[in-house]
Structures are given as structure tokens and as C-alpha cells.
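Engineer: Right, I'll just put the structure down here and ask away after.
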Protein chains: 4
Amino acid sequence: MQVTELRVRYAETDQMGVVYHANYLIWCEVARTDFIRALGTPYAEWERSGVALAVAEATMRCHAPARYDDVVRIATTLAAVKSRTITFEYLITHANTGARLVSASTTLVSLDRDGRVQALPRAMRELFATIS
Amino acid sequence: MQVTELRVRYAETDQMGVVYHANYLIWCEVARTDFIRALGTPYAEWERSGVALAVAEATMRCHAPARYDDVVRIATTLAAVKSRTITFEYLITHANTGARLVSASTTLVSLDRDGRVQALPRAMRELFATIS
Amino acid sequence: MQVTELRVRYAETDQMGVVYHANYLIWCEVARTDFIRALGTPYAEWERSGVALAVAEATMRCHAPARYDDVVRIATTLAAVKSRTITFEYLITHANTGARLVSASTTLVSLDRDGRVQALPRAMRELFATIS
Amino acid sequence: MQVTELRVRYAETDQMGVVYHANYLIWCEVARTDFIRALGTPYAEWERSGVALAVAEATMRCHAPARYDDVVRIATTLAAVKSRTITFEYLITHANTGARLVSASTTLVSLDRDGRVQALPRAMRELFATIS
């Protein structure tokens, strides 16, 4: 499990006075980037080497809203590794109160430089295997 | 069913050369706004009268990417109306080719001015009943 | 002069209840895309042919806020064409009331495929010359 | 001077392979929030007490692009305090190389709860006076 913390930006709020929901997916991407970096090779390097991970599926349940200037914590776990996809799960909580804000998951599919689905590179699969 | 068309903005792309996935949820919001307006009362008016619809759940499946300057079509349907929630489904296609790009759904929960869950107002439920 | 209309998205508001200012630059990009398309060749095609126009400078003055669901009008004019840059000016008004909302300008610099500054292609300069 | 660091998100890139320019204004907002917090009272508290600071003017010059996963540094300084406005200046550099990426400024106007321009509260002016 990887834990990422971030502070809610004003730009992320909407006129309901809370975080606009699509931003939670962006936070998941930030958390996933941290997760992958912690395994040893930043996603930026994987991408330069010709492996792109594109979001193929996403789900989100909003339990309570995050608000401007809140510090939130995103706990990221690896839920599944298949031949061509990886699934991450995220739990976003309020860093101070621990209140559960959002549960989410994203399944990413491995693409080559031309955007075609390809098997996850062996090196990446072995990396993920070490933690699942 | 309500159909909304929009053209992909440069700001909505990412360095993979396609639309960044979180933007699909924003397009769903644009489509939902059109859907509600077509029923007779814009969402902006509902909100001023004290009814907010907040996203409680969202799902998204990305079949093929949308790209900058593409015109996309979003077909919105009402999937369920319950006492406190409404569920919409969306199919995003490429306007020229008809290619299926994204399927999504969002469940919205009715909130009062203080952000507490409340029953959907009767007037709103009756409005939705006319089309389901 | 090119006129673009768009409707304010919920995602574009912030908790002040108005449009978050950075979105005005995105609207300018939408308007600029329309402007260039109206000259005969969409920007998307220019970019595929190896000409990128990157924002090098931007200014913005906010006179009055745009709000959710407002229809706004963006009047775009060409302010200057130099050997390597183009400057556009934008006036964003409220489509119903005509109220002046935002004045902005952006200067774009011509880049080649490797991101190096290059002279604006002759074909593009001639195109812009027809309207200045 | 206040220094803020942040890491570029994938969502902030566009298909040119660099950060989409409007995001620089969002980073300025993050930096400004840090600046104000460092003076003792977070902006979130000022806003709850009835003082909103809305962006009235912004300028931006892009010297070199920021890229995904870069760590950038934003140095924020107070450029002017007037009766109803505050002006901040920002220099965004690459944290590792020190390369200058973006210079920006924003002038904020003080608004009351109804969105009307008001004098900056005395307490806020005195706070800013301590550092100018």
C-alpha cells in the first residue's frame, strides 16, 4: 500500500462548495504515479520506454465531500494484475479526521507507442508481482 | 434520450495524445445539464430553489479514445429514479464515424442547502416519471 | 473577427460561485481554434503538418464574473502577426445581457516538431495576412 | 518570499507533451495559498470570515515548458498592496535544473460576501504590511 497526501486546491472546488467529483480521478492518478515510483521506476520512464498505461475503466463512490484546503490521504493498493491490465484501488480519507471520502478503482490497459493494446511488459509484471 | 454534441478542446488532451479520462465525467455533466433543461427546468434553477444533485457514484468504460477537435455525441438516458437518487447512463460516440468511445453512468443524490441528503422533491420526481 | 459561443459548465465554477479564472484561458483556446478553422485549415491539421502554436504570453482582465449555465460570447481578433508569433485578443461578454466579462490576449509562438521556435510557415502567414 | 514545490500531474499535460498553459495559473493559486497561510491565517479562514480575494488581472510569460513528473518551484512575492487590491508575482522554475519556466502576476480584488468590491480588511492590510 502506498499513501499519498495532497492539499485541495481552490481550482478543484465547484459552486456546491466542495470538490468537483472528476478531480478525484486526477488524485487517483497522482496516487498511482507515487505507487509506481515507489516500485523503483517512475511511470514517466516506463512511458518513455514505450509502455503507456491508459485508463480503461474507472469507478468512484463518494461518501463525503472533500473541501478546499483540506489535506486528504489517498491509500493505493494493487487489486489485480492480468496479462494486459492492472487494477488499482484507492481510498481517499480526510487526513485530520480520518473520515472516508471516496473509494475508487481504475483498470489500466497496456498500450504500445501506437496506442494498440499489448501485453504488460514482463519487467513490469514482475515488479507488480513482488507486492501482490 | 437526450443527445448532446461537443467538440474536444485542446485543454482536454494529455500527452498520450488523447482526451484525459477525467474529462469524460465533465462531458457527462454537460450532457446531464442538457437532459434536465430539456425537461423544462434548468438544473441551475433547481439549485437556486434549494435542490442540489451531487455525484455519489460514477462508472466509466473507455472503449476508444476521443481526440482533439473531434466532435463527440453524448446520448443520455435516465436509468433509475429512487426516493433520493437518480441514475443517468451515457454513451459517448464519435459524431462522424459513430465509433463507440465511452460508456458511463452517474448516480446523483439529492441534497438540501446544507448538504444533507433529502428526498428528491416531488416536482422533480414527477418530471422524471414522465420520461421513464 | 470570429465569434464563438459556449455555455458555462458546472466543472468550471469554484466555491466563490463563479467561473474559476483559469478557465477563461481555455475558452480563449476554444475561440482561437474556431478563428483558425474559419480561415480554412483547422489548427489540428496545422499541428499534424508539423506546426505547433504554443502560448508564450497571456494577459487577462476580469471585469465581471461568468456563472454556471450562462451563455458567453467570445469575440476573437487578430492583433499582430510577426515572423515567429501571432497575437490574438479576446472579449468575453454575456450573450444575453452583453455585459463585458473578460478581456484577454495571448501571444503564440511557432514551434517545430521538436519544440524549437521556428518562423511561422509562409502559408500560415499569408492566411493571416488576408484578414489583418 | 514564499517557495512552494509541486510535482506536475499527468492531467496537467496536453498533446504537445508539455503542461497546458492555463494550469500555470492554478499553480499560482496554490503558491498564493501557501504564501497567505505562512502569514498566519489561511485564506480559507479569511473567506469564511467574509473576505474573498478574486483574480481581477493576470499575466503570464512562458519561457520554457514544464513536463509531466517534473518537480517545479514557485517563488511568490508580494508586489503591491492597495486599498482594494493585492498583487502577487510568481517565478516558476524547474526544481532540479533551476531553469526559468514561467513568470506570472495576479492582482486580486477584495470582495464581500455578495461579490461587491470592498476595501481590504485592515487586519489583512496590516498583515501584508509586515512583509512589504
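Identifiers in the C-alpha cells: chain A, B, ... in order shown; residue index from 1 per chain; ligand index from 1 in order shown.
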Enumerate as a PyMOL selection string the residues belonging to chain A that approach chain C to within 9 Å, with only C-alpha atoms taken into account.

Structural biologist: chain A and resi 10-22+68

Engineer: Could you write out that same residue set with all heavy atoms as a short mmCIF file (atom, residue, chain, number, x, y, z; two decimals), in the first residue's frame?

Structural biologist:
data_model
loop_
_atom_site.label_atom_id
_atom_site.label_comp_id
_atom_site.auth_asym_id
_atom_site.auth_seq_id
_atom_site.Cartn_x
_atom_site.Cartn_y
_atom_site.Cartn_z
N TYR A 10 -8.08 25.37 -4.64
CA TYR A 10 -9.31 26.15 -4.88
C TYR A 10 -9.91 25.79 -6.24
O TYR A 10 -11.12 25.65 -6.38
CB TYR A 10 -8.98 27.65 -4.83
CG TYR A 10 -10.17 28.49 -4.45
CD1 TYR A 10 -10.42 28.81 -3.12
CD2 TYR A 10 -11.07 28.96 -5.41
CE1 TYR A 10 -11.52 29.57 -2.75
CE2 TYR A 10 -12.17 29.71 -5.05
CZ TYR A 10 -12.39 30.02 -3.73
OH TYR A 10 -13.49 30.77 -3.37
N ALA A 11 -9.04 25.62 -7.22
CA ALA A 11 -9.49 25.28 -8.58
C ALA A 11 -10.29 23.98 -8.61
O ALA A 11 -11.03 23.73 -9.56
CB ALA A 11 -8.28 25.15 -9.50
N GLU A 12 -10.11 23.15 -7.60
CA GLU A 12 -10.77 21.84 -7.60
C GLU A 12 -12.18 21.90 -7.02
O GLU A 12 -12.91 20.90 -7.06
CB GLU A 12 -9.90 20.82 -6.84
CG GLU A 12 -8.60 20.56 -7.60
CD GLU A 12 -7.56 19.76 -6.83
OE1 GLU A 12 -7.55 19.81 -5.57
OE2 GLU A 12 -6.73 19.11 -7.47
N THR A 13 -12.56 23.03 -6.47
CA THR A 13 -13.90 23.16 -5.90
C THR A 13 -14.89 23.57 -6.99
O THR A 13 -14.50 24.03 -8.06
CB THR A 13 -13.94 24.23 -4.79
OG1 THR A 13 -13.63 25.50 -5.37
CG2 THR A 13 -12.95 23.91 -3.69
N ASP A 14 -16.18 23.41 -6.68
CA ASP A 14 -17.21 23.95 -7.58
C ASP A 14 -18.19 24.76 -6.75
O ASP A 14 -17.98 24.95 -5.54
CB ASP A 14 -17.88 22.83 -8.37
CG ASP A 14 -18.69 21.87 -7.47
OD1 ASP A 14 -19.09 22.27 -6.36
OD2 ASP A 14 -18.93 20.74 -7.91
N GLN A 15 -19.23 25.25 -7.38
CA GLN A 15 -20.10 26.18 -6.66
C GLN A 15 -20.95 25.50 -5.60
O GLN A 15 -21.66 26.18 -4.86
CB GLN A 15 -20.96 26.99 -7.64
CG GLN A 15 -22.04 26.20 -8.33
CD GLN A 15 -22.87 27.11 -9.24
OE1 GLN A 15 -22.34 28.06 -9.83
NE2 GLN A 15 -24.16 26.85 -9.35
N MET A 16 -20.87 24.16 -5.49
CA MET A 16 -21.53 23.49 -4.37
C MET A 16 -20.68 23.66 -3.10
O MET A 16 -21.09 23.25 -2.02
CB MET A 16 -21.77 22.01 -4.70
CG MET A 16 -23.16 21.51 -4.38
SD MET A 16 -23.42 19.79 -4.94
CE MET A 16 -24.11 20.02 -6.59
N GLY A 17 -19.47 24.22 -3.27
CA GLY A 17 -18.62 24.48 -2.12
C GLY A 17 -17.76 23.28 -1.74
O GLY A 17 -17.14 23.27 -0.68
N VAL A 18 -17.73 22.29 -2.60
CA VAL A 18 -16.94 21.07 -2.34
C VAL A 18 -16.13 20.74 -3.58
O VAL A 18 -16.25 21.41 -4.61
CB VAL A 18 -17.86 19.89 -1.98
CG1 VAL A 18 -18.64 20.18 -0.69
CG2 VAL A 18 -18.84 19.59 -3.12
N VAL A 19 -15.33 19.67 -3.51
CA VAL A 19 -14.52 19.28 -4.66
C VAL A 19 -15.40 18.73 -5.77
O VAL A 19 -16.28 17.90 -5.53
CB VAL A 19 -13.47 18.24 -4.23
CG1 VAL A 19 -12.79 17.61 -5.44
CG2 VAL A 19 -12.43 18.90 -3.33
N TYR A 20 -15.17 19.19 -6.97
CA TYR A 20 -15.89 18.67 -8.15
C TYR A 20 -15.42 17.23 -8.37
O TYR A 20 -14.21 16.96 -8.40
CB TYR A 20 -15.57 19.55 -9.36
CG TYR A 20 -16.32 19.14 -10.60
CD1 TYR A 20 -17.67 19.49 -10.75
CD2 TYR A 20 -15.71 18.40 -11.59
CE1 TYR A 20 -18.38 19.11 -11.88
CE2 TYR A 20 -16.41 18.02 -12.72
CZ TYR A 20 -17.74 18.38 -12.86
OH TYR A 20 -18.44 17.98 -13.98
N HIS A 21 -16.37 16.34 -8.55
CA HIS A 21 -16.07 14.90 -8.49
C HIS A 21 -15.00 14.41 -9.47
O HIS A 21 -14.23 13.51 -9.15
CB HIS A 21 -17.36 14.10 -8.68
CG HIS A 21 -18.01 14.32 -10.01
ND1 HIS A 21 -18.70 15.47 -10.31
CD2 HIS A 21 -18.06 13.56 -11.12
CE1 HIS A 21 -19.16 15.39 -11.55
NE2 HIS A 21 -18.79 14.24 -12.06
N ALA A 22 -14.95 14.98 -10.68
CA ALA A 22 -13.97 14.48 -11.66
C ALA A 22 -12.54 14.61 -11.14
O ALA A 22 -11.65 13.87 -11.54
CB ALA A 22 -14.13 15.20 -12.99
N TYR A 68 -12.02 22.66 0.04
CA TYR A 68 -10.84 23.48 -0.18
C TYR A 68 -9.93 23.50 1.04
O TYR A 68 -10.42 23.70 2.16
CB TYR A 68 -11.28 24.92 -0.51
CG TYR A 68 -10.14 25.92 -0.48
CD1 TYR A 68 -9.03 25.76 -1.30
CD2 TYR A 68 -10.18 27.01 0.37
CE1 TYR A 68 -7.99 26.66 -1.27
CE2 TYR A 68 -9.15 27.94 0.40
CZ TYR A 68 -8.04 27.75 -0.42
OH TYR A 68 -7.01 28.64 -0.38
#

Engineer: Give the superposed chain C as a tab-separated table (two decimals) with C-alpha atoms, in the first residue's frame, the fit being least squares on chain B over all ordered C-alpha pairs.

Structural biologist:
chain	number	residue	atom	x	y	z
C	1	MET	CA	-32.95	10.16	-24.61
C	2	GLN	CA	-31.14	13.45	-24.96
C	3	VAL	CA	-28.26	13.94	-27.38
C	4	THR	CA	-25.53	16.50	-26.75
C	5	GLU	CA	-22.70	17.30	-29.11
C	6	LEU	CA	-19.45	18.98	-28.25
C	7	ARG	CA	-16.05	19.49	-29.78
C	8	VAL	CA	-12.96	18.27	-27.93
C	9	ARG	CA	-10.84	21.09	-26.51
C	10	TYR	CA	-7.04	21.12	-26.63
C	11	ALA	CA	-7.08	21.55	-22.85
C	12	GLU	CA	-8.82	18.19	-22.57
C	13	THR	CA	-5.98	16.22	-24.16
C	14	ASP	CA	-2.95	14.84	-22.38
C	15	GLN	CA	0.50	13.83	-23.53
C	16	MET	CA	-0.78	10.44	-24.68
C	17	GLY	CA	-2.35	12.48	-27.50
C	18	VAL	CA	-5.91	11.66	-26.48
C	19	VAL	CA	-8.53	13.00	-24.08
C	20	TYR	CA	-7.58	12.70	-20.42
C	21	HIS	CA	-10.14	10.31	-18.93
C	22	ALA	CA	-11.45	12.53	-16.11
C	23	ASN	CA	-12.82	14.90	-18.74
C	24	TYR	CA	-15.37	12.28	-19.78
C	25	LEU	CA	-17.11	12.85	-16.44
C	26	ILE	CA	-17.25	16.56	-17.22
C	27	TRP	CA	-18.87	15.81	-20.58
C	28	CYS	CA	-21.41	13.65	-18.76
C	29	GLU	CA	-22.22	16.65	-16.58
C	30	VAL	CA	-22.70	18.83	-19.68
C	31	ALA	CA	-24.97	16.17	-21.17
C	32	ARG	CA	-26.94	15.79	-17.93
C	33	THR	CA	-27.46	19.55	-17.79
C	34	ASP	CA	-28.91	19.41	-21.31
C	35	PHE	CA	-31.08	16.45	-20.33
C	36	ILE	CA	-32.55	18.27	-17.34
C	37	ARG	CA	-33.03	21.51	-19.26
C	38	ALA	CA	-34.98	19.61	-21.91
C	39	LEU	CA	-37.47	18.53	-19.22
C	40	GLY	CA	-38.39	22.18	-18.71
C	41	THR	CA	-36.44	23.49	-15.72
C	42	PRO	CA	-32.68	24.05	-15.96
C	43	TYR	CA	-30.62	22.48	-13.21
C	44	ALA	CA	-29.39	25.99	-12.34
C	45	GLU	CA	-32.94	26.85	-11.30
C	46	TRP	CA	-33.37	23.68	-9.27
C	47	GLU	CA	-30.19	24.54	-7.45
C	48	ARG	CA	-31.32	28.11	-6.74
C	49	SER	CA	-34.54	26.67	-5.32
C	50	GLY	CA	-32.54	24.58	-2.85
C	51	VAL	CA	-32.10	21.21	-4.57
C	52	ALA	CA	-28.57	20.10	-5.32
C	53	LEU	CA	-27.79	16.87	-7.14
C	54	ALA	CA	-24.34	15.67	-6.13
C	55	VAL	CA	-22.50	12.80	-7.81
C	56	ALA	CA	-22.49	9.86	-5.40
C	57	GLU	CA	-21.29	7.17	-7.79
C	58	ALA	CA	-19.73	7.09	-11.20
C	59	THR	CA	-18.52	4.39	-13.53
C	60	MET	CA	-16.74	4.71	-16.84
C	61	ARG	CA	-15.57	2.28	-19.52
C	62	CYS	CA	-13.28	3.65	-22.21
C	63	HIS	CA	-13.60	1.73	-25.48
C	64	ALA	CA	-11.62	4.04	-27.75
C	65	PRO	CA	-10.07	7.46	-27.21
C	66	ALA	CA	-11.56	10.79	-28.21
C	67	ARG	CA	-9.06	13.19	-29.75
C	68	TYR	CA	-8.58	16.92	-30.05
C	69	ASP	CA	-11.06	18.65	-32.34
C	70	ASP	CA	-13.26	15.54	-32.67
C	71	VAL	CA	-16.95	16.20	-32.44
C	72	VAL	CA	-18.43	13.74	-29.98
C	73	ARG	CA	-22.03	12.87	-29.32
C	74	ILE	CA	-23.29	12.01	-25.85
C	75	ALA	CA	-26.55	10.09	-25.61
C	76	THR	CA	-28.01	10.41	-22.13
C	77	THR	CA	-30.73	8.20	-20.70
C	78	LEU	CA	-32.43	8.01	-17.35
C	79	ALA	CA	-31.65	4.62	-15.85
C	80	ALA	CA	-33.34	4.82	-12.45
C	81	VAL	CA	-35.19	7.19	-10.16
C	82	LYS	CA	-35.33	6.32	-6.48
C	83	SER	CA	-36.53	8.29	-3.50
C	84	ARG	CA	-33.24	10.07	-3.01
C	85	THR	CA	-31.15	9.28	-6.10
C	86	ILE	CA	-31.26	9.47	-9.87
C	87	THR	CA	-29.07	7.42	-12.18
C	88	PHE	CA	-28.12	8.51	-15.66
C	89	GLU	CA	-26.36	6.49	-18.34
C	90	TYR	CA	-24.25	7.96	-21.09
C	91	LEU	CA	-22.91	6.65	-24.35
C	92	ILE	CA	-20.24	8.82	-25.93
C	93	THR	CA	-19.66	8.20	-29.63
C	94	HIS	CA	-17.64	9.84	-32.35
C	95	ALA	CA	-20.10	12.06	-34.25
C	96	ASN	CA	-18.62	11.35	-37.70
C	97	THR	CA	-17.76	7.68	-37.52
C	98	GLY	CA	-20.27	6.58	-34.89
C	99	ALA	CA	-17.47	4.72	-33.12
C	100	ARG	CA	-18.28	3.95	-29.50
C	101	LEU	CA	-15.83	5.80	-27.26
C	102	VAL	CA	-17.04	5.72	-23.65
C	103	SER	CA	-19.94	4.25	-21.66
C	104	ALA	CA	-20.56	5.83	-18.30
C	105	SER	CA	-23.09	6.14	-15.54
C	106	THR	CA	-23.54	8.52	-12.64
C	107	THR	CA	-25.83	8.28	-9.65
C	108	LEU	CA	-26.75	11.60	-8.13
C	109	VAL	CA	-28.04	12.11	-4.65
C	110	SER	CA	-30.41	14.89	-3.70
C	111	LEU	CA	-29.00	17.32	-1.13
C	112	ASP	CA	-30.55	20.27	0.66
C	113	ARG	CA	-28.86	23.66	1.06
C	114	ASP	CA	-26.81	22.34	3.96
C	115	GLY	CA	-25.52	19.36	2.03
C	116	ARG	CA	-27.73	16.82	3.79
C	117	VAL	CA	-29.35	14.02	1.85
C	118	GLN	CA	-33.04	14.70	1.28
C	119	ALA	CA	-35.79	13.03	-0.73
C	120	LEU	CA	-35.94	14.20	-4.33
C	121	PRO	CA	-38.57	16.94	-4.46
C	122	ARG	CA	-41.91	15.64	-5.66
C	123	ALA	CA	-41.94	18.08	-8.60
C	124	MET	CA	-38.64	16.70	-9.79
C	125	ARG	CA	-39.70	13.09	-9.37
C	126	GLU	CA	-42.88	13.71	-11.34
C	127	LEU	CA	-40.86	15.34	-14.09
C	128	PHE	CA	-38.57	12.35	-14.36
C	129	ALA	CA	-41.56	9.99	-14.19
C	130	THR	CA	-42.89	11.43	-17.43
C	131	ILE	CA	-39.96	9.99	-19.33
C	132	SER	CA	-39.16	6.73	-17.62

Engineer: Could you pull out the residues in chain B that DSSP calls alpha helix (DSSP H) from the backbone, as a PDB file with N, CA, C and O atoms, in the first residue's frame?

Structural biologist:
ATOM      1  N   ALA B  22     -10.563  11.836 -17.047  1.00  0.00           N
ATOM      2  CA  ALA B  22     -11.458  12.519 -16.103  1.00  0.00           C
ATOM      3  C   ALA B  22     -12.393  13.495 -16.822  1.00  0.00           C
ATOM      4  O   ALA B  22     -13.482  13.792 -16.334  1.00  0.00           O
ATOM      5  N   ASN B  23     -11.968  13.960 -17.990  1.00  0.00           N
ATOM      6  CA  ASN B  23     -12.827  14.885 -18.734  1.00  0.00           C
ATOM      7  C   ASN B  23     -14.127  14.242 -19.207  1.00  0.00           C
ATOM      8  O   ASN B  23     -15.115  14.939 -19.426  1.00  0.00           O
ATOM      9  N   TYR B  24     -14.126  12.923 -19.360  1.00  0.00           N
ATOM     10  CA  TYR B  24     -15.367  12.271 -19.785  1.00  0.00           C
ATOM     11  C   TYR B  24     -16.476  12.507 -18.754  1.00  0.00           C
ATOM     12  O   TYR B  24     -17.641  12.646 -19.102  1.00  0.00           O
ATOM     13  N   LEU B  25     -16.096  12.569 -17.480  1.00  0.00           N
ATOM     14  CA  LEU B  25     -17.113  12.843 -16.448  1.00  0.00           C
ATOM     15  C   LEU B  25     -17.655  14.263 -16.580  1.00  0.00           C
ATOM     16  O   LEU B  25     -18.818  14.525 -16.269  1.00  0.00           O
ATOM     17  N   ILE B  26     -16.807  15.177 -17.019  1.00  0.00           N
ATOM     18  CA  ILE B  26     -17.262  16.557 -17.227  1.00  0.00           C
ATOM     19  C   ILE B  26     -18.243  16.603 -18.396  1.00  0.00           C
ATOM     20  O   ILE B  26     -19.275  17.276 -18.338  1.00  0.00           O
ATOM     21  N   TRP B  27     -17.942  15.853 -19.454  1.00  0.00           N
ATOM     22  CA  TRP B  27     -18.865  15.815 -20.587  1.00  0.00           C
ATOM     23  C   TRP B  27     -20.209  15.221 -20.144  1.00  0.00           C
ATOM     24  O   TRP B  27     -21.266  15.661 -20.611  1.00  0.00           O
ATOM     25  N   CYS B  28     -20.158  14.214 -19.275  1.00  0.00           N
ATOM     26  CA  CYS B  28     -21.416  13.636 -18.764  1.00  0.00           C
ATOM     27  C   CYS B  28     -22.223  14.709 -18.028  1.00  0.00           C
ATOM     28  O   CYS B  28     -23.447  14.761 -18.151  1.00  0.00           O
ATOM     29  N   GLU B  29     -21.529  15.548 -17.289  1.00  0.00           N
ATOM     30  CA  GLU B  29     -22.219  16.636 -16.578  1.00  0.00           C
ATOM     31  C   GLU B  29     -22.852  17.610 -17.580  1.00  0.00           C
ATOM     32  O   GLU B  29     -23.979  18.058 -17.382  1.00  0.00           O
ATOM     33  N   VAL B  30     -22.152  17.930 -18.646  1.00  0.00           N
ATOM     34  CA  VAL B  30     -22.700  18.820 -19.676  1.00  0.00           C
ATOM     35  C   VAL B  30     -23.950  18.175 -20.289  1.00  0.00           C
ATOM     36  O   VAL B  30     -24.991  18.820 -20.468  1.00  0.00           O
ATOM     37  N   ALA B  31     -23.862  16.876 -20.553  1.00  0.00           N
ATOM     38  CA  ALA B  31     -24.978  16.155 -21.172  1.00  0.00           C
ATOM     39  C   ALA B  31     -26.173  16.087 -20.221  1.00  0.00           C
ATOM     40  O   ALA B  31     -27.327  16.248 -20.625  1.00  0.00           O
ATOM     41  N   ARG B  32     -25.885  15.857 -18.944  1.00  0.00           N
ATOM     42  CA  ARG B  32     -26.937  15.775 -17.919  1.00  0.00           C
ATOM     43  C   ARG B  32     -27.649  17.125 -17.780  1.00  0.00           C
ATOM     44  O   ARG B  32     -28.859  17.186 -17.614  1.00  0.00           O
ATOM     45  N   THR B  33     -26.887  18.201 -17.846  1.00  0.00           N
ATOM     46  CA  THR B  33     -27.459  19.547 -17.782  1.00  0.00           C
ATOM     47  C   THR B  33     -28.421  19.752 -18.951  1.00  0.00           C
ATOM     48  O   THR B  33     -29.533  20.281 -18.773  1.00  0.00           O
ATOM     49  N   ASP B  34     -28.032  19.309 -20.133  1.00  0.00           N
ATOM     50  CA  ASP B  34     -28.912  19.405 -21.309  1.00  0.00           C
ATOM     51  C   ASP B  34     -30.174  18.558 -21.100  1.00  0.00           C
ATOM     52  O   ASP B  34     -31.282  18.969 -21.444  1.00  0.00           O
ATOM     53  N   PHE B  35     -29.963  17.370 -20.564  1.00  0.00           N
ATOM     54  CA  PHE B  35     -31.082  16.450 -20.336  1.00  0.00           C
ATOM     55  C   PHE B  35     -32.119  17.100 -19.411  1.00  0.00           C
ATOM     56  O   PHE B  35     -33.321  17.083 -19.678  1.00  0.00           O
ATOM     57  N   ILE B  36     -31.639  17.669 -18.320  1.00  0.00           N
ATOM     58  CA  ILE B  36     -32.550  18.262 -17.331  1.00  0.00           C
ATOM     59  C   ILE B  36     -33.206  19.518 -17.908  1.00  0.00           C
ATOM     60  O   ILE B  36     -34.410  19.734 -17.733  1.00  0.00           O
ATOM     61  N   ARG B  37     -32.449  20.318 -18.637  1.00  0.00           N
ATOM     62  CA  ARG B  37     -33.023  21.517 -19.248  1.00  0.00           C
ATOM     63  C   ARG B  37     -34.179  21.135 -20.194  1.00  0.00           C
ATOM     64  O   ARG B  37     -35.216  21.797 -20.212  1.00  0.00           O
ATOM     65  N   ALA B  38     -33.985  20.035 -20.933  1.00  0.00           N
ATOM     66  CA  ALA B  38     -34.993  19.619 -21.908  1.00  0.00           C
ATOM     67  C   ALA B  38     -36.312  19.214 -21.237  1.00  0.00           C
ATOM     68  O   ALA B  38     -37.360  19.224 -21.860  1.00  0.00           O
ATOM     69  N   TYR B  43     -31.177  22.876 -14.506  1.00  0.00           N
ATOM     70  CA  TYR B  43     -30.632  22.484 -13.204  1.00  0.00           C
ATOM     71  C   TYR B  43     -30.258  23.714 -12.383  1.00  0.00           C
ATOM     72  O   TYR B  43     -30.411  23.725 -11.163  1.00  0.00           O
ATOM     73  N   ALA B  44     -29.775  24.767 -13.061  1.00  0.00           N
ATOM     74  CA  ALA B  44     -29.394  25.992 -12.348  1.00  0.00           C
ATOM     75  C   ALA B  44     -30.570  26.521 -11.514  1.00  0.00           C
ATOM     76  O   ALA B  44     -30.389  27.009 -10.398  1.00  0.00           O
ATOM     77  N   GLU B  45     -31.773  26.392 -12.042  1.00  0.00           N
ATOM     78  CA  GLU B  45     -32.962  26.852 -11.290  1.00  0.00           C
ATOM     79  C   GLU B  45     -33.288  25.923 -10.130  1.00  0.00           C
ATOM     80  O   GLU B  45     -33.657  26.383  -9.046  1.00  0.00           O
ATOM     81  N   TRP B  46     -33.166  24.626 -10.374  1.00  0.00           N
ATOM     82  CA  TRP B  46     -33.376  23.680  -9.269  1.00  0.00           C
ATOM     83  C   TRP B  46     -32.418  24.013  -8.136  1.00  0.00           C
ATOM     84  O   TRP B  46     -32.816  24.029  -6.968  1.00  0.00           O
ATOM     85  N   GLU B  47     -31.187  24.294  -8.486  1.00  0.00           N
ATOM     86  CA  GLU B  47     -30.200  24.544  -7.447  1.00  0.00           C
ATOM     87  C   GLU B  47     -30.521  25.827  -6.680  1.00  0.00           C
ATOM     88  O   GLU B  47     -30.408  25.866  -5.456  1.00  0.00           O
ATOM     89  N   ARG B  48     -30.945  26.858  -7.433  1.00  0.00           N
ATOM     90  CA  ARG B  48     -31.315  28.109  -6.744  1.00  0.00           C
ATOM     91  C   ARG B  48     -32.496  27.889  -5.803  1.00  0.00           C
ATOM     92  O   ARG B  48     -32.620  28.549  -4.783  1.00  0.00           O
ATOM     93  N   ARG B 122     -40.835  16.291  -4.906  1.00  0.00           N
ATOM     94  CA  ARG B 122     -41.915  15.651  -5.646  1.00  0.00           C
ATOM     95  C   ARG B 122     -42.005  16.174  -7.081  1.00  0.00           C
ATOM     96  O   ARG B 122     -42.145  15.403  -8.033  1.00  0.00           O
ATOM     97  N   ALA B 123     -41.851  17.479  -7.246  1.00  0.00           N
ATOM     98  CA  ALA B 123     -41.951  18.071  -8.585  1.00  0.00           C
ATOM     99  C   ALA B 123     -40.890  17.492  -9.517  1.00  0.00           C
ATOM    100  O   ALA B 123     -41.142  17.248 -10.697  1.00  0.00           O
ATOM    101  N   MET B 124     -39.712  17.258  -8.959  1.00  0.00           N
ATOM    102  CA  MET B 124     -38.641  16.712  -9.785  1.00  0.00           C
ATOM    103  C   MET B 124     -38.917  15.243 -10.102  1.00  0.00           C
ATOM    104  O   MET B 124     -38.738  14.789 -11.234  1.00  0.00           O
ATOM    105  N   ARG B 125     -39.399  14.510  -9.121  1.00  0.00           N
ATOM    106  CA  ARG B 125     -39.702  13.101  -9.365  1.00  0.00           C
ATOM    107  C   ARG B 125     -40.784  12.937 -10.426  1.00  0.00           C
ATOM    108  O   ARG B 125     -40.713  12.076 -11.274  1.00  0.00           O
ATOM    109  N   GLU B 126     -41.782  13.812 -10.355  1.00  0.00           N
ATOM    110  CA  GLU B 126     -42.865  13.707 -11.342  1.00  0.00           C
ATOM    111  C   GLU B 126     -42.365  14.029 -12.747  1.00  0.00           C
ATOM    112  O   GLU B 126     -42.794  13.418 -13.725  1.00  0.00           O
ATOM    113  N   LEU B 127     -41.461  14.974 -12.794  1.00  0.00           N
ATOM    114  CA  LEU B 127     -40.872  15.341 -14.077  1.00  0.00           C
ATOM    115  C   LEU B 127     -40.138  14.146 -14.679  1.00  0.00           C
ATOM    116  O   LEU B 127     -40.310  13.812 -15.848  1.00  0.00           O
ATOM    117  N   PHE B 128     -39.332  13.501 -13.863  1.00  0.00           N
ATOM    118  CA  PHE B 128     -38.570  12.354 -14.353  1.00  0.00           C
ATOM    119  C   PHE B 128     -39.503  11.190 -14.689  1.00  0.00           C
ATOM    120  O   PHE B 128     -39.236  10.409 -15.597  1.00  0.00           O
ATOM    121  N   ALA B 129     -40.612  11.096 -13.947  1.00  0.00           N
ATOM    122  CA  ALA B 129     -41.556   9.995 -14.193  1.00  0.00           C
ATOM    123  C   ALA B 129     -42.137  10.075 -15.598  1.00  0.00           C
ATOM    124  O   ALA B 129     -42.438   9.057 -16.225  1.00  0.00           O
TER     125      ALA B 129
END
